[in-house]
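protein_2.cif (mmCIF, C-alpha atoms) appears below.
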data_structure
#
loop_
_atom_site.label_atom_id
_atom_site.label_comp_id
_atom_site.auth_asym_id
_atom_site.auth_seq_id
_atom_site.Cartn_x
_atom_site.Cartn_y
_atom_site.Cartn_z
CA MET A 1 -51.63 147.83 78.46
CA SER A 2 -50.31 147.86 82.04
CA SER A 3 -47.16 149.71 82.98
CA VAL A 4 -45.18 149.88 86.21
CA PHE A 5 -43.55 153.11 87.28
CA THR A 6 -41.25 153.43 90.27
CA ALA A 7 -39.67 156.40 91.94
CA GLN A 8 -36.41 155.49 90.33
CA GLU A 9 -37.98 155.83 86.87
CA GLU A 10 -40.06 158.71 85.55
CA LEU A 11 -42.80 159.12 88.16
CA ASP A 12 -41.24 160.92 91.12
CA VAL A 13 -44.12 163.22 92.04
CA ILE A 14 -47.84 162.86 91.50
CA VAL A 15 -50.54 165.52 91.78
CA VAL A 16 -53.45 164.72 94.08
CA ASP A 17 -57.04 165.81 93.45
CA SER A 18 -58.67 165.89 96.88
CA ASP A 19 -61.80 167.64 95.65
CA SER A 20 -60.17 170.96 96.47
CA ASP A 21 -56.88 172.51 95.55
CA LEU A 22 -54.17 170.49 93.91
CA GLU A 23 -51.18 169.55 96.00
CA GLU A 24 -47.98 167.66 95.42
CA VAL A 25 -47.23 164.38 97.24
CA ASP A 26 -43.83 162.69 97.27
CA LEU A 27 -44.09 159.06 96.25
CA PRO A 28 -42.33 156.62 98.68
CA MET A 29 -39.18 155.21 97.14
CA GLU A 30 -40.25 151.55 97.41
CA THR A 31 -43.83 152.00 96.27
CA ALA A 32 -44.76 150.76 92.81
CA VAL A 33 -47.76 152.30 91.08
CA LEU A 34 -49.42 150.04 88.55
CA LEU A 35 -51.21 152.05 85.87
CA LYS A 36 -53.58 150.78 83.26
CA ASN A 37 -52.91 153.69 80.91
CA ARG A 38 -49.38 155.00 80.61
CA SER A 39 -50.37 158.07 78.56
CA LEU A 40 -51.59 160.08 81.50
CA SER A 41 -52.53 163.69 81.73
CA ASP A 42 -51.17 165.83 84.52
CA VAL A 43 -54.11 165.33 86.90
CA ILE A 44 -54.36 162.12 88.95
CA SER A 45 -57.03 161.47 91.59
CA VAL A 46 -55.79 159.38 94.51
CA SER A 47 -58.72 159.62 96.86
CA SER A 48 -57.99 158.89 100.53
CA VAL A 49 -54.41 157.73 99.96
CA GLU A 50 -53.21 159.90 102.84
CA GLU A 51 -55.86 158.44 105.11
CA MET A 52 -55.10 154.87 104.06
CA LEU A 53 -51.32 154.73 104.36
CA PRO A 54 -50.76 155.52 108.04
CA SER A 55 -53.19 152.89 109.27
CA SER A 56 -52.62 150.32 106.57
CA PRO A 57 -50.98 147.08 107.65
CA LEU A 58 -49.15 146.92 104.35
CA GLY A 59 -45.41 147.26 104.29
CA PRO A 60 -43.24 149.67 102.33
CA ASN A 61 -43.42 147.48 99.22
CA THR A 62 -47.12 148.22 98.74
CA ILE A 63 -48.45 147.87 95.19
CA VAL A 64 -51.17 150.39 94.34
CA PHE A 65 -53.46 149.56 91.40
CA LEU A 66 -54.91 152.50 89.42
CA GLU A 67 -57.44 152.28 86.68
CA THR A 68 -58.81 154.82 84.25
CA GLU A 69 -62.28 156.16 85.07
CA ASN A 70 -64.70 157.93 82.74
CA SER A 71 -62.53 161.01 82.52
CA ASP A 72 -59.37 160.71 80.50
CA ASP A 73 -57.61 162.76 83.15
CA VAL A 74 -58.75 160.97 86.35
CA ILE A 75 -57.41 157.76 87.85
CA SER A 76 -58.74 156.13 91.05
CA VAL A 77 -57.30 153.73 93.62
CA LYS A 78 -58.69 150.24 94.11
CA SER A 79 -58.90 148.42 97.42
CA VAL A 80 -55.33 147.69 98.43
CA GLU A 81 -56.13 145.39 101.36
CA GLU A 82 -57.76 142.83 99.07
CA LEU A 83 -54.74 142.79 96.78
CA ASN A 84 -51.98 142.54 99.37
CA PRO A 85 -53.07 141.06 102.74
CA PRO A 86 -50.89 141.55 105.85
CA SER A 87 -47.86 139.28 106.17
CA LEU A 88 -48.38 136.32 108.47
CA SER A 89 -47.21 136.50 112.07
CA ARG A 90 -48.34 135.47 115.51
CA GLY A 91 -49.91 138.88 115.85
CA ASN A 92 -52.44 137.93 113.16
CA ILE A 93 -53.85 134.95 115.09
CA SER A 94 -56.37 136.99 117.04
CA TYR A 95 -57.35 138.95 113.91
CA GLU A 96 -57.92 135.77 111.89
CA VAL A 97 -60.07 134.18 114.61
CA ASN A 98 -62.06 137.21 115.75
CA SER A 99 -62.37 139.22 112.53
CA ASN A 100 -62.09 136.65 109.75
CA ARG A 101 -63.93 133.98 111.77
CA ARG A 102 -61.22 131.45 111.00
CA SER A 103 -61.06 128.39 113.26
CA ILE A 104 -58.04 128.26 115.58
CA GLU A 105 -57.48 124.72 114.28
CA GLU A 106 -56.71 126.26 110.86
CA ILE A 107 -53.89 128.45 112.21
CA CYS A 108 -50.48 127.50 113.59
CA ILE A 109 -50.67 128.80 117.15
CA CYS A 110 -46.86 128.83 117.31
CA CYS A 111 -46.16 131.26 114.46
CA GLY A 112 -49.46 132.30 112.82
CA GLU A 113 -48.92 130.33 109.60
CA LEU A 114 -52.18 129.44 107.81
CA GLU A 115 -50.78 126.36 106.06
CA ILE A 116 -50.91 123.86 108.91
CA HIS A 117 -49.42 120.37 109.07
CA THR A 118 -51.29 118.83 112.00
CA GLN A 119 -52.82 119.79 115.35
CA HIS A 120 -50.89 121.03 118.38
CA PRO A 121 -50.69 118.20 120.94
CA LEU A 122 -51.24 120.25 124.10
CA PHE A 123 -53.58 123.08 123.12
CA HIS A 124 -56.43 123.46 120.65
CA GLY A 125 -55.01 124.89 117.43
CA GLY A 126 -53.02 123.95 114.39
CA ILE A 127 -49.28 123.67 113.95
CA CYS A 128 -47.31 124.05 110.71
CA ALA A 129 -44.59 121.66 109.49
CA PRO A 130 -41.55 123.73 110.63
CA CYS A 131 -43.04 124.29 114.10
CA THR A 132 -43.89 120.59 114.31
CA GLU A 133 -40.22 119.74 113.78
CA THR A 134 -39.15 122.31 116.36
CA LEU A 135 -41.57 121.04 118.97
CA LEU A 136 -40.53 117.41 118.41
CA GLU A 137 -36.85 118.20 118.86
CA ARG A 138 -37.06 120.77 121.66
CA PHE A 139 -40.06 119.93 123.86
CA PHE A 140 -38.10 117.80 126.36
CA LEU A 141 -34.97 119.96 126.47
CA CYS A 142 -34.28 121.33 129.96
CA ASP A 143 -31.83 123.62 131.72
CA GLU A 144 -29.57 122.88 134.64
CA ASP A 145 -31.91 124.85 136.93
CA GLY A 146 -34.51 122.11 136.52
CA SER A 147 -36.93 123.95 134.23
CA GLN A 148 -37.93 123.49 130.61
CA ALA A 149 -35.49 125.19 128.23
CA ASP A 150 -38.17 126.50 125.84
CA CYS A 151 -41.75 127.70 125.72
CA THR A 152 -44.24 124.84 126.12
CA ILE A 153 -46.37 126.19 123.26
CA CYS A 154 -43.91 127.21 120.54
CA CYS A 155 -40.55 125.86 121.81
CA TRP A 156 -38.66 128.91 120.52
CA GLY A 157 -39.97 132.06 122.22
CA ASN A 158 -37.88 134.23 124.53
CA SER A 159 -38.57 135.82 127.94
CA LEU A 160 -39.79 132.64 129.60
CA MET A 161 -42.07 132.56 132.64
CA MET A 162 -41.69 129.43 134.79
CA CYS A 163 -44.47 127.59 136.56
CA ASP A 164 -44.13 127.74 140.36
CA ASP A 165 -45.80 124.39 141.00
CA PRO A 166 -43.03 122.10 142.37
CA LYS A 167 -44.50 119.19 140.42
CA CYS A 168 -44.17 121.09 137.12
CA HIS A 169 -41.18 122.42 135.17
CA ARG A 170 -42.98 124.06 132.22
CA CYS A 171 -42.27 127.53 130.84
CA PHE A 172 -44.27 129.90 128.64
CA CYS A 173 -42.92 132.77 126.57
CA GLU A 174 -44.32 136.28 126.80
CA GLU A 175 -45.13 136.46 123.08
CA CYS A 176 -47.35 133.35 123.17
CA VAL A 177 -49.14 134.61 126.28
CA GLU A 178 -49.66 138.11 124.85
CA THR A 179 -50.90 136.70 121.54
CA LEU A 180 -53.09 133.82 122.65
CA VAL A 181 -54.37 134.98 126.05
CA CYS A 182 -54.51 138.78 125.90
CA PRO A 183 -52.16 141.77 125.77
CA GLY A 184 -50.77 142.56 129.22
CA HIS A 185 -51.37 139.11 130.68
CA SER A 186 -47.66 138.35 130.96
CA GLU A 187 -47.32 141.28 133.37
CA GLU A 188 -50.17 139.85 135.44
CA ILE A 189 -48.30 136.53 135.59
CA LYS A 190 -45.12 138.25 136.79
CA ASP A 191 -47.11 139.91 139.57
CA THR A 192 -48.64 136.58 140.63
CA ASN A 193 -46.68 134.62 143.23
CA PRO A 194 -46.92 131.69 143.10
CA TRP A 195 -48.09 131.26 139.52
CA ASN A 196 -49.40 127.92 138.30
CA CYS A 197 -49.15 127.52 134.54
CA PHE A 198 -51.87 126.85 131.97
CA LEU A 199 -51.27 123.08 132.14
CA CYS A 200 -51.51 122.92 135.94
CA VAL A 201 -54.68 124.91 136.65
CA PRO A 202 -58.11 123.27 136.27
CA ASN A 203 -59.39 126.08 134.03
CA ASN A 204 -58.97 124.89 130.44
CA ARG A 205 -59.39 128.20 128.60
CA TYR A 206 -57.62 131.56 128.69
CA GLY A 207 -58.54 133.72 125.73
CA LEU A 208 -57.63 131.76 122.60
CA LEU A 209 -55.41 129.39 124.60
CA ARG A 210 -57.44 126.27 125.36
CA LYS A 211 -55.78 123.27 126.98
CA LYS A 212 -56.61 119.79 125.76
CA THR A 213 -57.96 117.72 128.61
CA LYS A 214 -55.97 114.62 127.61
CA TRP A 215 -52.87 116.50 126.47
CA ARG A 216 -50.46 113.83 127.77
CA GLU A 217 -52.17 111.22 125.62
CA TYR A 218 -52.13 113.57 122.62
CA LEU A 219 -48.42 114.29 123.17
CA LYS A 220 -47.61 110.58 123.04
CA HIS A 221 -49.69 110.21 119.86
CA PHE A 222 -47.98 113.29 118.38
CA TYR A 223 -44.52 111.73 118.76
CA ASP A 224 -45.73 108.35 117.51
CA GLN A 225 -47.15 109.90 114.35
CA GLU A 226 -44.64 112.64 113.57
CA SER A 227 -41.20 111.40 114.69
CA ASN A 228 -39.14 108.65 113.10
CA SER A 229 -36.36 108.74 115.69
CA LEU A 230 -37.73 110.11 118.98
CA GLN A 231 -39.92 107.76 120.98
CA ILE A 232 -41.47 108.68 124.31
CA TYR A 233 -43.56 107.18 127.05
CA GLN A 234 -46.83 108.93 127.78
CA PRO A 235 -46.17 111.46 130.57
CA LEU A 236 -47.98 110.78 133.83
CA SER A 237 -50.16 113.14 135.81
CA PRO A 238 -48.80 114.18 139.25
CA TRP A 239 -51.08 111.78 141.11
CA GLU A 240 -49.94 108.88 138.90
CA ARG A 241 -46.22 109.41 139.50
CA LYS A 242 -44.42 107.08 141.87
CA PRO A 243 -41.07 107.56 143.61
CA ILE A 244 -38.20 106.65 141.29
CA HIS A 245 -36.05 103.58 141.93
CA VAL A 246 -32.55 103.95 140.49
CA LEU A 247 -29.64 101.58 139.93
CA SER A 248 -26.35 103.49 139.51
CA LEU A 249 -23.36 101.55 138.21
CA PHE A 250 -19.70 102.62 138.51
CA ASP A 251 -20.62 106.19 139.49
CA ASN A 252 -22.97 107.44 142.19
CA ILE A 253 -25.43 110.02 140.83
CA THR A 254 -27.19 110.65 144.14
CA LYS A 255 -26.07 114.30 144.17
CA GLU A 256 -27.44 114.99 140.66
CA LEU A 257 -30.82 113.40 141.39
CA ASN A 258 -31.07 115.12 144.77
CA ARG A 259 -30.61 118.43 142.96
CA PHE A 260 -33.93 117.92 141.17
CA GLY A 261 -35.83 116.53 144.15
CA PHE A 262 -35.94 112.84 143.20
CA LEU A 263 -34.06 111.38 146.19
CA GLU A 264 -34.79 113.65 149.13
CA LYS A 265 -34.98 111.84 152.45
CA ASN A 266 -38.64 112.76 152.85
CA MET A 267 -41.15 109.96 153.22
CA GLY A 268 -42.24 108.58 149.85
CA ASN A 269 -39.29 109.80 147.79
CA GLY A 270 -37.11 107.75 145.51
CA ARG A 271 -34.31 105.30 146.25
CA LEU A 272 -30.92 104.70 144.65
CA LYS A 273 -28.72 101.61 144.80
CA TYR A 274 -25.09 102.18 143.90
CA LEU A 275 -22.78 99.39 142.72
CA ASP A 276 -19.12 99.89 141.90
CA ASP A 277 -18.34 96.22 141.30
CA VAL A 278 -20.83 94.00 139.48
CA LYS A 279 -18.67 90.96 138.72
CA ASN A 280 -20.69 88.73 141.04
CA VAL A 281 -24.09 90.31 140.41
CA THR A 282 -26.60 87.91 138.84
CA ARG A 283 -30.09 88.25 137.41
CA THR A 284 -31.47 87.03 140.73
CA HIS A 285 -29.83 89.93 142.55
CA ILE A 286 -31.31 92.47 140.15
CA GLU A 287 -34.78 90.95 140.45
CA GLU A 288 -34.51 90.99 144.26
CA TRP A 289 -33.33 94.60 144.39
CA GLY A 290 -35.71 95.83 141.69
CA PRO A 291 -37.77 96.59 139.85
CA PHE A 292 -35.83 99.64 138.72
CA ASP A 293 -37.16 102.65 136.85
CA PHE A 294 -33.81 104.05 135.76
CA ILE A 295 -30.45 102.29 135.26
CA PHE A 296 -27.42 104.56 134.97
CA GLY A 297 -23.88 103.52 134.07
CA SER A 298 -20.59 105.20 133.32
CA THR A 299 -17.00 104.49 132.46
CA PRO A 300 -14.52 105.88 135.03
CA PRO A 301 -13.35 109.48 134.57
CA VAL A 302 -10.50 109.69 132.10
CA SER A 303 -8.25 111.26 134.72
CA MET A 304 -8.63 108.33 137.12
CA SER A 305 -6.91 104.98 137.05
CA TYR A 306 -9.03 101.85 136.57
CA GLN A 307 -8.22 98.18 136.83
CA ASP A 308 -10.44 96.75 134.13
CA PRO A 309 -10.26 97.46 130.37
CA PRO A 310 -12.50 100.40 129.31
CA ALA A 311 -14.85 98.19 127.30
CA TRP A 312 -15.47 96.03 130.38
CA TYR A 313 -17.65 98.77 131.91
CA PHE A 314 -19.83 98.92 128.84
CA TYR A 315 -20.32 95.15 128.56
CA GLN A 316 -21.07 94.80 132.26
CA TYR A 317 -23.58 97.63 132.02
CA MET A 318 -25.27 95.93 129.08
CA ARG A 319 -25.52 92.69 131.03
CA ILE A 320 -27.12 94.35 134.04
CA LEU A 321 -29.42 96.41 131.79
CA GLN A 322 -30.80 93.22 130.22
CA TYR A 323 -31.54 91.87 133.70
CA GLY A 324 -33.30 95.04 134.78
CA ARG A 325 -35.42 95.85 131.74
CA PRO A 326 -39.19 95.39 132.05
CA PRO A 327 -40.78 92.70 129.84
CA GLU A 328 -41.03 93.61 126.16
CA GLY A 329 -44.23 95.45 125.38
CA SER A 330 -44.53 96.90 128.88
CA GLN A 331 -45.93 100.45 128.99
CA LYS A 332 -44.25 101.16 132.31
CA PRO A 333 -41.84 104.08 131.90
CA PHE A 334 -38.29 102.73 132.07
CA PHE A 335 -35.15 104.73 131.33
CA TRP A 336 -31.48 104.01 130.92
CA LEU A 337 -28.37 106.12 130.31
CA PHE A 338 -24.74 105.20 129.77
CA LEU A 339 -21.90 107.65 129.31
CA ASP A 340 -18.29 107.27 128.31
CA ASN A 341 -15.70 109.72 129.59
CA LEU A 342 -13.33 109.40 126.60
CA VAL A 343 -11.96 105.98 127.57
CA LEU A 344 -13.69 103.88 124.89
CA ASP A 345 -11.96 103.75 121.54
CA GLU A 346 -13.85 104.28 118.28
CA GLU A 347 -14.49 100.57 117.73
CA ASP A 348 -15.94 100.18 121.23
CA ARG A 349 -18.16 103.24 120.74
CA ASP A 350 -19.49 101.79 117.47
CA THR A 351 -20.21 98.52 119.28
CA ALA A 352 -22.06 100.41 122.00
CA SER A 353 -24.20 102.20 119.41
CA ARG A 354 -25.15 98.87 117.82
CA PHE A 355 -26.11 97.37 121.18
CA PHE A 356 -28.06 100.41 122.32
CA GLN A 357 -29.57 100.93 118.84
CA VAL A 358 -28.98 104.66 119.11
CA GLU A 359 -26.08 106.92 118.21
CA ALA A 360 -24.00 108.56 120.92
CA VAL A 361 -24.40 112.27 121.69
CA LEU A 362 -21.26 114.26 122.47
CA ARG A 363 -21.26 116.83 125.28
CA TYR A 364 -18.29 118.81 126.55
CA LYS A 365 -17.36 121.38 129.18
CA GLN A 366 -15.44 124.43 128.09
CA HIS A 367 -13.74 127.16 130.10
CA GLY A 368 -12.70 130.05 127.91
CA GLU A 369 -10.99 128.50 124.92
CA ILE A 370 -10.01 125.33 126.81
CA ILE A 371 -12.05 122.13 126.47
CA GLN A 372 -11.92 120.68 129.97
CA ASN A 373 -13.81 117.46 129.49
CA ALA A 374 -16.14 115.61 127.12
CA VAL A 375 -18.46 112.62 127.29
CA HIS A 376 -20.40 110.42 124.89
CA VAL A 377 -23.97 109.66 125.99
CA TRP A 378 -26.37 106.89 124.98
CA SER A 379 -29.89 106.96 126.41
CA ASN A 380 -33.62 106.59 125.77
CA ILE A 381 -34.40 109.83 127.62
CA PRO A 382 -36.03 112.00 124.90
CA SER A 383 -33.91 115.11 125.52
CA VAL A 384 -30.66 113.19 124.97
CA ASN A 385 -31.53 112.23 121.41
CA SER A 386 -32.65 115.66 120.26
CA LYS A 387 -30.51 117.07 117.47
CA TYR A 388 -30.08 120.16 119.64
CA SER A 389 -28.37 118.15 122.40
CA ALA A 390 -25.37 117.16 120.31
CA ALA A 391 -22.40 119.51 120.45
CA SER A 392 -20.31 120.42 117.42
CA PHE A 393 -16.80 119.28 118.18
CA TYR A 394 -13.79 119.33 115.89
CA MET A 395 -10.99 118.23 118.22
CA ASP A 396 -9.32 114.83 118.22
CA LEU A 397 -10.97 113.09 121.19
CA SER A 398 -8.07 110.74 121.87
CA GLN A 399 -5.72 113.72 121.96
CA LEU A 400 -8.11 115.55 124.30
CA ALA A 401 -8.15 112.53 126.64
CA LYS A 402 -4.36 112.47 126.72
CA GLU A 403 -4.27 116.18 127.47
CA ILE A 404 -6.75 115.80 130.35
CA LEU A 405 -4.76 112.88 131.70
CA ARG A 406 -1.49 114.81 131.42
CA THR A 407 -2.64 118.10 132.93
CA ARG A 408 -5.38 116.88 135.28
CA ILE A 409 -7.32 120.00 134.26
CA PHE A 410 -10.65 118.45 135.11
CA SER A 411 -11.52 116.61 138.31
CA GLN A 412 -15.32 116.63 138.30
CA ARG A 413 -17.23 113.42 137.66
CA PRO A 414 -18.50 112.99 134.08
CA ALA A 415 -22.14 112.90 135.26
CA THR A 416 -21.92 116.63 136.03
CA LEU A 417 -21.79 117.32 132.29
CA ILE A 418 -25.21 115.81 131.61
CA LYS A 419 -27.28 116.57 134.73
CA GLU A 420 -29.94 118.50 132.77
CA PHE A 421 -30.81 115.23 131.01
CA PHE A 422 -32.31 113.97 134.28
CA VAL A 423 -34.94 116.76 134.42
CA PRO A 424 -37.46 115.19 131.95
CA LEU A 425 -37.83 112.31 134.40
CA LYS A 426 -40.08 114.71 136.32
CA ASP A 427 -42.80 113.92 133.77
CA TYR A 428 -42.82 110.32 135.00
CA PHE A 429 -41.66 110.18 138.64
CA ARG A 430 -42.37 112.03 141.84
CA ALA A 431 -40.03 114.92 142.56
CA PHE A 432 -40.02 117.83 144.97
CA SER A 433 -38.18 121.10 144.39
#

How would this structure read if it were set down as structure tokens?
Amino acid sequence: MSSVFTAQEELDVIVVDSDSDLEEVDLPMETAVLLKNRSLSDVISVSSVEEMLPSSPLGPNTIVFLETENSDDVISVKSVEELNPPSLSRGNISYEVNSNRRSIEEICICCGELEIHTQHPLFHGGICAPCTETLLERFFLCDEDGSQADCTICCWGNSLMMCDDPKCHRCFCEECVETLVCPGHSEEIKDTNPWNCFLCVPNNRYGLLRKKTKWREYLKHFYDQESNSLQIYQPLSPWERKPIHVLSLFDNITKELNRFGFLEKNMGNGRLKYLDDVKNVTRTHIEEWGPFDFIFGSTPPVSMSYQDPPAWYFYQYMRILQYGRPPEGSQKPFFWLFLDNLVLDEEDRDTASRFFQVEAVLRYKQHGEIIQNAVHVWSNIPSVNSKYSAASFYMDLSQLAKEILRTRIFSQRPATLIKEFFVPLKDYFRAFS
């Protein structure tokens, strides 16, 4: 009959037979000793326990199995590693591949989980269900500095290292690099200037990190198969990207796009056409000025006066958007974005969501405890529709609009609140930092 004794019960000290003199060993408080025979004599043999514990990967909750040998007074220790393997972590990836001869495709290269869901779209290796969800929602998120907000591999690591290639905005976390490439490699990257990332260099393999040759195609397939709400165009290689052609309605976003290198005056860069009044614009005009790659529109800032009803800006934008869309079924990357600076009422916002077939995302600017401004955004840019892009907001928006109008506390254009949403366009159009 098996019995479990803990340090809190009756077995506080055991006597060790190390083939020499007897000595007393304090039993760790959390350790449970499973005995096959509770009626023990005073002599217990725990061979090599002292040698095993310091180097054992087991945690403080180790379970040690003891069984009775030929002598009634002697008990021996079985192999603990077989009974309680190390807990899973990214640090185990190298051990599983090199020591256990497990295929990298059978391990989540993001977290080390052995129960995988599918294959990572960019690098050879598996990915578990939770990491799949994280990658889907966070891969296209970017910061205002023009770089990716998360690690390209795991989309949640810290201490990011940015690629120095002006045509790339990818980042890689130190933990992924140390785990999948080799210990110390992140320091080598920091000492390399400029550093081109693992997706930019022609070499496909660094340690366990092996780039998929057609990773852009796999990324598109990954979103098609795994996401019910986020749809993307297949990213283009740098030599496939063309200068962007932008139509900006009711607000001029030249400054925001210049910030990320889309509209510099250099030869071969993008163009922007700005229209403040579209009453007389017809389909023929749009076809003559186009084709456009990106159509932006906005209601006027809430703190400014405007002649037309708020909903007019939305309906006019929808009309122009229909003129400028590529034919249905076209694989040509085409993006649109419309934002409302708190001038549409709830019914108009619901109408906009039905027309755009996507829910609005709320973003706001806060200074201290004061909400200075807020906007609703509708778009097909992948980063806009991530669940991590929406801000939690519990203030009455109509009241906030009245407060902004009364105090004039915010004078910046609403486009300044969403400029990081323009960064993922770098995957599709030529840009220079």

*Provide the atom CA of A:Cys154 to atom CA of A:Pro333 distance in Å, to one decimal place.*
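Between atom CA of A:Cys154 and atom CA of A:Pro333 the gap works out to 25.9 Å.
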
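Note that atom CA of A:Arg271 and atom CA of A:Glu328 are 24.2 Å apart.
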
*Any chance you could work out the residue set of the PyMOL selection byres ((chain A and resi 356) around 10) here, as a VMD selection string?*
chain A and resid 318 336 to 338 350 to 355 357 to 360 378 to 380

Residue selection dump (C-alpha atoms) as a PDB file, in the frame of the given file:
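The file below, out39.pdb, is the result:
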ATOM      1  CA  MET A 318     -25.270  95.930 129.080  1.00  0.00           C
ATOM      2  CA  TRP A 336     -31.480 104.010 130.920  1.00  0.00           C
ATOM      3  CA  LEU A 337     -28.370 106.120 130.310  1.00  0.00           C
ATOM      4  CA  PHE A 338     -24.740 105.200 129.770  1.00  0.00           C
ATOM      5  CA  ASP A 350     -19.490 101.790 117.470  1.00  0.00           C
ATOM      6  CA  THR A 351     -20.210  98.520 119.280  1.00  0.00           C
ATOM      7  CA  ALA A 352     -22.060 100.410 122.000  1.00  0.00           C
ATOM      8  CA  SER A 353     -24.200 102.200 119.410  1.00  0.00           C
ATOM      9  CA  ARG A 354     -25.150  98.870 117.820  1.00  0.00           C
ATOM     10  CA  PHE A 355     -26.110  97.370 121.180  1.00  0.00           C
ATOM     11  CA  GLN A 357     -29.570 100.930 118.840  1.00  0.00           C
ATOM     12  CA  VAL A 358     -28.980 104.660 119.110  1.00  0.00           C
ATOM     13  CA  GLU A 359     -26.080 106.920 118.210  1.00  0.00           C
ATOM     14  CA  ALA A 360     -24.000 108.560 120.920  1.00  0.00           C
ATOM     15  CA  TRP A 378     -26.370 106.890 124.980  1.00  0.00           C
ATOM     16  CA  SER A 379     -29.890 106.960 126.410  1.00  0.00           C
ATOM     17  CA  ASN A 380     -33.620 106.590 125.770  1.00  0.00           C
TER      18      ASN A 380
END

*Name every residue that the PyMOL selection byres ((chain A and resi 242-259) around 6) selects in this structure, writing the answer as an MDAnalysis selection string with chains first and numbers rising.*
chainID A and resid 241 260:264 269:276 292:298 429:430

*Please write the residues picked by the PyMOL selection byres ((chain A and resi 169) around 6) on this file as a ChimeraX atom specification.*
/A:147-148,168,170

_Shortest interatomic distance to A:Phe140 - which of A:Ile127, A:Val361, A:Ala311, A:Cys155, counting all atoms listed in the file_ =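 Closest candidate: A:Cys155.
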
*asked:* As an exercise, work out the distance from atom CA of A:Tyr428 to atom CA of A:Pro301 in Å and give it to one decimal place.
replied: 29.5 Å

Write out, as a Markdown table, each residue of stretch 189-286 of chain A that has an atom at most 12 Å from stretch 91-113 of chain A, together with the closest pair of atoms and their distance in Å to one decimal, counting all atoms listed in the file, rows going by chain and rising number.
| residue | atom | partner | partner_atom | distance |
| --- | --- | --- | --- | --- |
| A:Gly207 | CA | A:Ser94 | CA | 9.5 |
| A:Leu208 | CA | A:Ser94 | CA | 7.7 |
| A:Leu209 | CA | A:Ile109 | CA | 8.8 |
| A:Arg210 | CA | A:Ile104 | CA | 10.0 |

Would you write out those residues with C-alpha atoms, as an mmCIF file, in the coordinates of the input?
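Generated file (again-v3.cif):
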data_model
loop_
_atom_site.group_PDB
_atom_site.id
_atom_site.type_symbol
_atom_site.label_atom_id
_atom_site.label_comp_id
_atom_site.auth_asym_id
_atom_site.auth_seq_id
_atom_site.Cartn_x
_atom_site.Cartn_y
_atom_site.Cartn_z
ATOM 1 C CA GLY A 207 -58.540 133.720 125.730
ATOM 2 C CA LEU A 208 -57.630 131.760 122.600
ATOM 3 C CA LEU A 209 -55.410 129.390 124.600
ATOM 4 C CA ARG A 210 -57.440 126.270 125.360
#

*asked:* With only C-alpha atoms as the counted atoms, please give the residues lying no more than 8 Å from stretch 219-221 of chain A, apart from itself and same-chain residues fewer than 5 positions off, as number ranges by chain.
replied: A: 121-122, 232-235

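If you count all atoms listed in the file and draw a sphere of 7 Å around (-40.8, 132.2, 123.7), the protein and nucleic acid residues inside it come out as Asp150, Cys151, Cys154, Cys155, Trp156, Gly157, Asn158, Ser159, Leu160, Phe172, Cys173, Glu174, Glu175 and Cys176 of chain A.
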
Could you write stretch 249-256 of chain A as a PDB file, in the coordinates of the input, with N, CA, C and O atoms rebuilt where they are missing?
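Once written, result_30.pdb looks like this:
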ATOM      1  N   LEU A 249     -24.518 102.428 138.345  1.00  0.00           N
ATOM      2  CA  LEU A 249     -23.360 101.550 138.210  1.00  0.00           C
ATOM      3  C   LEU A 249     -22.095 102.347 137.912  1.00  0.00           C
ATOM      4  O   LEU A 249     -22.078 103.186 137.000  1.00  0.00           O
ATOM      5  N   PHE A 250     -21.053 102.083 138.703  1.00  0.00           N
ATOM      6  CA  PHE A 250     -19.700 102.620 138.510  1.00  0.00           C
ATOM      7  C   PHE A 250     -19.575 104.109 138.801  1.00  0.00           C
ATOM      8  O   PHE A 250     -18.470 104.649 138.787  1.00  0.00           O
ATOM      9  N   ASP A 251     -20.652 104.787 139.078  1.00  0.00           N
ATOM     10  CA  ASP A 251     -20.620 106.190 139.490  1.00  0.00           C
ATOM     11  C   ASP A 251     -21.918 106.478 140.238  1.00  0.00           C
ATOM     12  O   ASP A 251     -23.003 106.075 139.792  1.00  0.00           O
ATOM     13  N   ASN A 252     -21.811 107.172 141.340  1.00  0.00           N
ATOM     14  CA  ASN A 252     -22.970 107.440 142.190  1.00  0.00           C
ATOM     15  C   ASN A 252     -23.573 108.798 141.819  1.00  0.00           C
ATOM     16  O   ASN A 252     -22.940 109.841 142.003  1.00  0.00           O
ATOM     17  N   ILE A 253     -24.786 108.779 141.277  1.00  0.00           N
ATOM     18  CA  ILE A 253     -25.430 110.020 140.830  1.00  0.00           C
ATOM     19  C   ILE A 253     -26.456 110.537 141.847  1.00  0.00           C
ATOM     20  O   ILE A 253     -27.356 111.299 141.501  1.00  0.00           O
ATOM     21  N   THR A 254     -26.270 110.177 143.104  1.00  0.00           N
ATOM     22  CA  THR A 254     -27.190 110.650 144.140  1.00  0.00           C
ATOM     23  C   THR A 254     -27.245 112.177 144.177  1.00  0.00           C
ATOM     24  O   THR A 254     -28.326 112.771 144.285  1.00  0.00           O
ATOM     25  N   LYS A 255     -26.114 112.837 144.084  1.00  0.00           N
ATOM     26  CA  LYS A 255     -26.070 114.300 144.170  1.00  0.00           C
ATOM     27  C   LYS A 255     -26.865 114.931 143.035  1.00  0.00           C
ATOM     28  O   LYS A 255     -27.625 115.897 143.251  1.00  0.00           O
ATOM     29  N   GLU A 256     -26.726 114.428 141.816  1.00  0.00           N
ATOM     30  CA  GLU A 256     -27.440 114.990 140.660  1.00  0.00           C
ATOM     31  C   GLU A 256     -28.948 114.810 140.802  1.00  0.00           C
ATOM     32  O   GLU A 256     -29.726 115.722 140.494  1.00  0.00           O
TER      33      GLU A 256
END
